[in-house]
Structure formats: structure tokens, C-alpha cells
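Below is one structure, written out as C-alpha cells, with a few remarks after it.
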Amino acid sequence: MKIALLGYGKMGKTIEKIAIERNHTIVLKVDKEDHNYDIAEADVAIDFSIPSAAVQNITKCITAGVPIVSGTTGWLAQYDEMVSLCKEKNGAFIYASNFSLGVNLFFELNKKLAKMMSPVEGYEPSMEEIHHTEKLDAPSGTAITLAEDIIDHTSKTSWKLDQGDKYAIPIAAKRIENVPGTHTVTYSSIVDDIEIKHTAHNRDGFALGAVVAAEWLQNKNGVYSMKDVLGL
Ligand SMILES: NC(=O)C1=CN([C@@H]2O[C@H](COP(=O)(O)OP(=O)(O)OC[C@H]3O[C@@H](n4cnc5c(N)ncnc54)[C@H](OP(=O)(O)O)[C@@H]3O)[C@@H](O)[C@H]2O)C=CC1
Ligand SMILES: O=C(O)C1=N[C@H](C(=O)O)C[C@H](O)C1
């Protein structure tokens, strides 16, 4: 496949390495505020840029008829707008807050645990996410997905970055140098804690998932998720 990389930072470079290993060609790299790039020669675009650039990049791809895989986080207030545009233009679009197989299995485990905990009294859910110090958004997109799945299955109605609201799941967002991404979900009671945790050791899992999603999206139209790609 001919791949356009929209965002050529830590993830863009890791995706390039994995894509070349899988015999794809990188035909375009965009790594700054540039509205004039030509996307047309790409079979698929992969956007791992910055929150303020994602919507423009996705719009450009959908409008040009190029399938788009986006992993950029921190722009989800406009997700529904991108879904509508994709349907209107008969495009192909996948967004995932986390493309790694491990985290997508962890998402399923989190939903199962939330369902299990829902009728049990005395346990309060909370979450922690740890990322590198260059991360622009907080909490992480992955933490938001985990929180939304807990909200869907329990009496919690929202998430908050601080504590003290009994209807909200508190999320602690920590920034420590060079951490690729660690997420922990804890249910605490007076007598014990139940904890599930995913620790990324590097960025290869995220990048491989994004390339696999791009391969899967070829010759398809519609809006998909990693659950569709992985058949979970
Ligand atoms: N879904 C997933 O599985 C994962 C998602 N992510 C998300 O991906 C995004 C990128 O992460 P990461 O690579 O670590 O971040 P980096 O900061 O390393 O890379 C982002 C790159 O985007 C560039 N950029 C700035 N403006 C634009 C633009 N208009 N169009 C295209 N590129 C632009 C930046 O350039 P400059 O530095 O010059 O501003 C930078 O090179 C983040 O939102 C992160 O949360 C990360 C890992 C996994
Ligand atoms: O910015 C990152 O690095 C990551 N961002 C994603 C997120 O916000 O969840 C995925 C992963 O945790 C790494």
C-alpha cells in the first residue's frame, strides 16, 4: 500500500518502521502545520498528529476519497462531525484511542469487570494513567475509553480529573519521562482493592495496530473501530 503519514513524530516514525517491514511504501510525510499537501496519491492515510490538527487532516482525507486511520487523541468533541462527513462522502474512517492488540483486549476485560462489579456494593472505581512528559492531552484517550465503558456498565455518570464527586470516576493523569503508556483501573473497598493494569513497553504495539487497521480498511467504506478490525 502507498501510505501517507500525517504526523511524523514519535508515532509517525514508529509506524514508518513497521509499515516498511510489512512491505508498504511511505509516499508522504507531514509533520507540521501544512494545509497544502497532496493526499491523492496515497492508498491510505495514517494520522498521528496533534489534537488541533486531527480534524483538518481527517476532513482532507475523507473529502479526497482517501481512507483514513486516526490515532490522534484530544479532539473527540468533533468525532460525530467526522462520522457524518464520512457517511456523506461515502468514505472510510477508523479512529481508536489505542490501536494496540493488548489494550483492545484490556478494553474487553475492563467491560467484563465493570459488569461484574455493577451489582456489588462497597467498591468505588478509580483510574490512573501515566505517560511521557511531552503528551499534550490529559487524561489520555485510552483512559477516556476505559472510563466511558465503566460508565456504560455501572452507576457512575461521568469521569473527572480530580476526586470528590461521588457520581464521577476519578482519573489521575501522571506525566513521567519516557513512559509510553500505563493504564490502571482499580475498584477499592474498605477491605481490599481489585486492580487491572496494562503497561506498554514501547510504541510498537500501537504502530502495528494502526498499520493492520490501514490494511484492513482497504476497499471498504464506512466508519469502523478496532473491535471490527480485530473481530473482538
Ligand atoms: N491511538 C493510539 O494508539 C495512540 C495515539 N497516540 C496519539 O497520537 C498523537 C501523536 O503522538 P506522538 O507521535 O507521540 O506525538 P509527537 O508530538 O511525537 O508527534 C506529533 C507530530 O505531529 C506533528 N504535527 C503538528 N501539526 C501537524 C499537522 N497540522 N499535521 C500533521 N502533523 C502535525 C508535530 O510536529 P511539531 O512537533 O513540529 O509540532 C509532531 O511531529 C497524540 O495525540 C497521541 O495521544 C499516541 C500513541 C498511540
Ligand atoms: O500520547 C501517547 O503517547 C499515547 N496516547 C494514546 C492515549 O492518549 O491514550 C495512546 C497511548 O496511551 C499513548
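By convention in this document, the chains of the C-alpha cells carry letters A, B, ... by their order, each chain's residues are numbered from 1, and ligands are numbered from 1 in the order they are shown.
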
All residues within 9 Å of ligand 1 are required, counting only C-alpha atoms and all ligand atoms; please report them as a PyMOL selection string. chain A and resi 5-14+29-35+47-54+56-57+70-75+95-100+103+132+134-137+140-142+180-181+203+205-207+209-210

Looking only at the backbone, which of the residues in segment 56-154 of chain A does DSSP tag as alpha helix (DSSP H), as a ChimeraX atom specification? /A:56-64,79-89,101-117,141-153

Could you name the residues that touch Leu85 of chain A at 12 Å or less, counting only C-alpha atoms, but leaving out those on the same chain fewer than 2 positions away, as a PyMOL selection string? chain A and resi 55-56+58-65+78-83+87-93+222-223

What does the file look like for those residues with N, CA, C and O atoms, as an mmCIF file, in the first residue's frame?
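For reference, result20.cif as written:
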data_model
loop_
_atom_site.group_PDB
_atom_site.id
_atom_site.type_symbol
_atom_site.label_atom_id
_atom_site.label_comp_id
_atom_site.auth_asym_id
_atom_site.auth_seq_id
_atom_site.Cartn_x
_atom_site.Cartn_y
_atom_site.Cartn_z
ATOM 1 N N VAL A 55 -8.714 17.089 13.085
ATOM 2 C CA VAL A 55 -9.971 17.266 12.345
ATOM 3 C C VAL A 55 -9.693 17.727 10.911
ATOM 4 O O VAL A 55 -10.293 17.229 9.955
ATOM 5 N N GLN A 56 -8.762 18.652 10.770
ATOM 6 C CA GLN A 56 -8.427 19.145 9.433
ATOM 7 C C GLN A 56 -7.827 18.020 8.565
ATOM 8 O O GLN A 56 -8.174 17.872 7.385
ATOM 9 N N ILE A 58 -8.258 14.721 8.940
ATOM 10 C CA ILE A 58 -9.283 13.705 8.640
ATOM 11 C C ILE A 58 -10.238 14.232 7.557
ATOM 12 O O ILE A 58 -10.575 13.520 6.606
ATOM 13 N N THR A 59 -10.643 15.492 7.696
ATOM 14 C CA THR A 59 -11.548 16.103 6.714
ATOM 15 C C THR A 59 -10.933 16.061 5.320
ATOM 16 O O THR A 59 -11.587 15.710 4.328
ATOM 17 N N LYS A 60 -9.655 16.415 5.257
ATOM 18 C CA LYS A 60 -8.979 16.459 3.956
ATOM 19 C C LYS A 60 -8.963 15.071 3.301
ATOM 20 O O LYS A 60 -9.232 14.938 2.102
ATOM 21 N N CYS A 61 -8.682 14.046 4.090
ATOM 22 C CA CYS A 61 -8.624 12.682 3.533
ATOM 23 C C CYS A 61 -10.000 12.224 3.067
ATOM 24 O O CYS A 61 -10.149 11.704 1.949
ATOM 25 N N ILE A 62 -10.999 12.411 3.924
ATOM 26 C CA ILE A 62 -12.350 11.945 3.564
ATOM 27 C C ILE A 62 -12.823 12.666 2.305
ATOM 28 O O ILE A 62 -13.366 12.054 1.382
ATOM 29 N N THR A 63 -12.577 13.962 2.238
ATOM 30 C CA THR A 63 -13.018 14.754 1.082
ATOM 31 C C THR A 63 -12.307 14.299 -0.196
ATOM 32 O O THR A 63 -12.894 14.308 -1.278
ATOM 33 N N ALA A 64 -11.055 13.864 -0.055
ATOM 34 C CA ALA A 64 -10.293 13.425 -1.235
ATOM 35 C C ALA A 64 -10.543 11.950 -1.557
ATOM 36 O O ALA A 64 -9.954 11.411 -2.502
ATOM 37 N N GLY A 65 -11.354 11.271 -0.759
ATOM 38 C CA GLY A 65 -11.648 9.851 -1.022
ATOM 39 C C GLY A 65 -10.527 8.915 -0.600
ATOM 40 O O GLY A 65 -10.425 7.789 -1.095
ATOM 41 N N GLN A 78 -15.293 16.553 18.311
ATOM 42 C CA GLN A 78 -15.724 16.662 16.906
ATOM 43 C C GLN A 78 -15.831 15.299 16.199
ATOM 44 O O GLN A 78 -15.933 15.234 14.976
ATOM 45 N N TYR A 79 -15.810 14.219 16.995
ATOM 46 C CA TYR A 79 -15.876 12.880 16.395
ATOM 47 C C TYR A 79 -17.155 12.693 15.568
ATOM 48 O O TYR A 79 -17.105 12.226 14.426
ATOM 49 N N ASP A 80 -18.310 13.091 16.146
ATOM 50 C CA ASP A 80 -19.591 12.881 15.444
ATOM 51 C C ASP A 80 -19.630 13.631 14.108
ATOM 52 O O ASP A 80 -20.206 13.160 13.131
ATOM 53 N N GLU A 81 -18.999 14.804 14.098
ATOM 54 C CA GLU A 81 -18.904 15.603 12.854
ATOM 55 C C GLU A 81 -18.133 14.820 11.775
ATOM 56 O O GLU A 81 -18.526 14.797 10.608
ATOM 57 N N MET A 82 -17.033 14.160 12.191
ATOM 58 C CA MET A 82 -16.223 13.387 11.233
ATOM 59 C C MET A 82 -16.994 12.153 10.746
ATOM 60 O O MET A 82 -16.892 11.762 9.580
ATOM 61 N N VAL A 83 -17.778 11.551 11.653
ATOM 62 C CA VAL A 83 -18.596 10.388 11.277
ATOM 63 C C VAL A 83 -19.619 10.817 10.215
ATOM 64 O O VAL A 83 -19.792 10.143 9.183
ATOM 65 N N LYS A 87 -19.901 9.539 6.289
ATOM 66 C CA LYS A 87 -21.122 8.934 5.706
ATOM 67 C C LYS A 87 -21.577 9.722 4.475
ATOM 68 O O LYS A 87 -21.915 9.147 3.448
ATOM 69 N N GLU A 88 -21.537 11.046 4.597
ATOM 70 C CA GLU A 88 -21.974 11.903 3.483
ATOM 71 C C GLU A 88 -21.116 11.671 2.228
ATOM 72 O O GLU A 88 -21.623 11.622 1.118
ATOM 73 N N LYS A 89 -19.807 11.498 2.432
ATOM 74 C CA LYS A 89 -18.888 11.364 1.279
ATOM 75 C C LYS A 89 -18.634 9.907 0.912
ATOM 76 O O LYS A 89 -17.784 9.617 0.058
ATOM 77 N N ASN A 90 -19.287 8.979 1.630
ATOM 78 C CA ASN A 90 -19.075 7.544 1.399
ATOM 79 C C ASN A 90 -17.592 7.176 1.548
ATOM 80 O O ASN A 90 -17.029 6.429 0.748
ATOM 81 N N GLY A 91 -16.976 7.721 2.596
ATOM 82 C CA GLY A 91 -15.550 7.499 2.837
ATOM 83 C C GLY A 91 -15.286 6.296 3.726
ATOM 84 O O GLY A 91 -16.189 5.508 4.008
ATOM 85 N N ALA A 92 -14.024 6.178 4.168
ATOM 86 C CA ALA A 92 -13.617 5.078 5.050
ATOM 87 C C ALA A 92 -12.781 5.657 6.185
ATOM 88 O O ALA A 92 -11.787 6.351 5.922
ATOM 89 N N PHE A 93 -13.176 5.359 7.427
ATOM 90 C CA PHE A 93 -12.564 6.043 8.584
ATOM 91 C C PHE A 93 -12.531 5.113 9.795
ATOM 92 O O PHE A 93 -13.537 4.488 10.125
ATOM 93 N N GLY A 222 -17.150 3.245 5.126
ATOM 94 C CA GLY A 222 -17.866 3.258 6.402
ATOM 95 C C GLY A 222 -16.976 3.682 7.554
ATOM 96 O O GLY A 222 -15.788 3.982 7.376
ATOM 97 N N VAL A 223 -17.577 3.711 8.729
ATOM 98 C CA VAL A 223 -16.872 4.118 9.948
ATOM 99 C C VAL A 223 -16.699 2.874 10.819
ATOM 100 O O VAL A 223 -17.681 2.179 11.098
#

Using DSSP on the backbone coordinates, identify all residues within chain A classified as strand (DSSP E or B); present the result as a PyMOL selection string. chain A and resi 2-6+25-30+44-47+68-70+92-95+124-131+158-160+168-175+182-188+193-199+222-224

Go ahead and write the selection's residues with C-alpha atoms as a compact mmCIF listing (two decimals), in the first residue's frame.
# COMPACT_ATOMS: atom_id res chain seq x y z
CA LYS A 2 1.04 3.60 -0.55
CA ILE A 3 0.75 5.23 2.89
CA ALA A 4 0.59 8.93 3.81
CA LEU A 5 1.81 9.71 7.33
CA LEU A 6 0.04 12.75 8.79
CA THR A 25 5.66 2.39 0.84
CA ILE A 26 5.53 5.78 2.54
CA VAL A 27 4.55 8.32 -0.14
CA LEU A 28 4.01 11.39 2.06
CA LYS A 29 5.13 12.63 5.49
CA VAL A 30 3.50 15.71 7.01
CA VAL A 44 -4.50 5.22 2.85
CA ALA A 45 -3.53 7.93 5.34
CA ILE A 46 -2.49 7.38 8.97
CA ASP A 47 -2.90 10.41 11.25
CA ILE A 68 -8.09 7.47 6.97
CA VAL A 69 -6.86 5.79 10.16
CA SER A 70 -6.61 8.26 13.06
CA ALA A 92 -13.62 5.08 5.05
CA PHE A 93 -12.56 6.04 8.58
CA ILE A 94 -11.25 4.34 11.71
CA TYR A 95 -10.48 6.15 14.95
CA GLU A 124 -15.51 2.51 44.16
CA PRO A 125 -13.79 2.61 40.74
CA SER A 126 -10.86 4.92 40.03
CA MET A 127 -8.22 5.11 37.29
CA GLU A 128 -4.61 6.13 36.80
CA GLU A 129 -2.83 6.81 33.51
CA ILE A 130 0.91 7.51 33.20
CA HIS A 131 2.52 8.94 30.05
CA SER A 158 -19.03 10.83 34.29
CA TRP A 159 -15.26 10.96 34.83
CA LYS A 160 -13.20 13.76 36.41
CA ALA A 168 -17.77 10.56 38.75
CA ILE A 169 -14.83 8.19 38.20
CA PRO A 170 -11.66 9.98 39.34
CA ILE A 171 -8.77 9.75 36.85
CA ALA A 172 -5.22 10.56 37.99
CA ALA A 173 -3.10 11.64 34.97
CA LYS A 174 0.65 11.44 35.72
CA ARG A 175 3.45 12.58 33.44
CA THR A 182 0.35 2.71 31.51
CA HIS A 183 -3.32 2.42 32.49
CA THR A 184 -4.73 1.03 35.75
CA VAL A 185 -8.36 0.54 36.75
CA THR A 186 -8.95 -0.04 40.47
CA TYR A 187 -12.06 -0.93 42.46
CA SER A 188 -11.42 -0.09 46.13
CA ASP A 193 -8.58 -3.48 46.11
CA ILE A 194 -9.21 -5.19 42.77
CA GLU A 195 -6.89 -3.87 40.04
CA ILE A 196 -6.34 -4.44 36.31
CA LYS A 197 -3.37 -2.84 34.56
CA HIS A 198 -1.92 -2.52 31.04
CA THR A 199 1.70 -1.43 30.59
CA GLY A 222 -17.87 3.26 6.40
CA VAL A 223 -16.87 4.12 9.95
CA TYR A 224 -15.17 1.35 11.90

Atom CA of Leu208 of chain A to atom CA of Ile18 of chain A, straight-line distance in Å: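 According to the coordinates, atom CA of Ile18 of chain A and atom CA of Leu208 of chain A are separated by 6.3 Å.
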
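Checking A:Ile190, A:Ala143, A:Ile150, A:Met117 one by one against ligand 2, counting only C-alpha atoms and all ligand atoms, you find the shortest gap at A:Ala143.
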
Kindly indicate which residue among A:His153, A:Glu16, A:Thr133, A:Leu101 lies nearest to Lys115 of chain A, using only C-alpha atoms for the distances.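 Among A:His153, A:Glu16, A:Thr133, A:Leu101, it is A:His153 that comes nearest to Lys115 of chain A.
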
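With atom CA of Trp216 of chain A on one side and atom CA of Pro67 of chain A on the other, the separation reads 10.5 Å.
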
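Here atom 2 (C, counted along the ligand's line) of ligand 2 is placed at a distance of 11.9 Å from atom CA of Ile176 of chain A.
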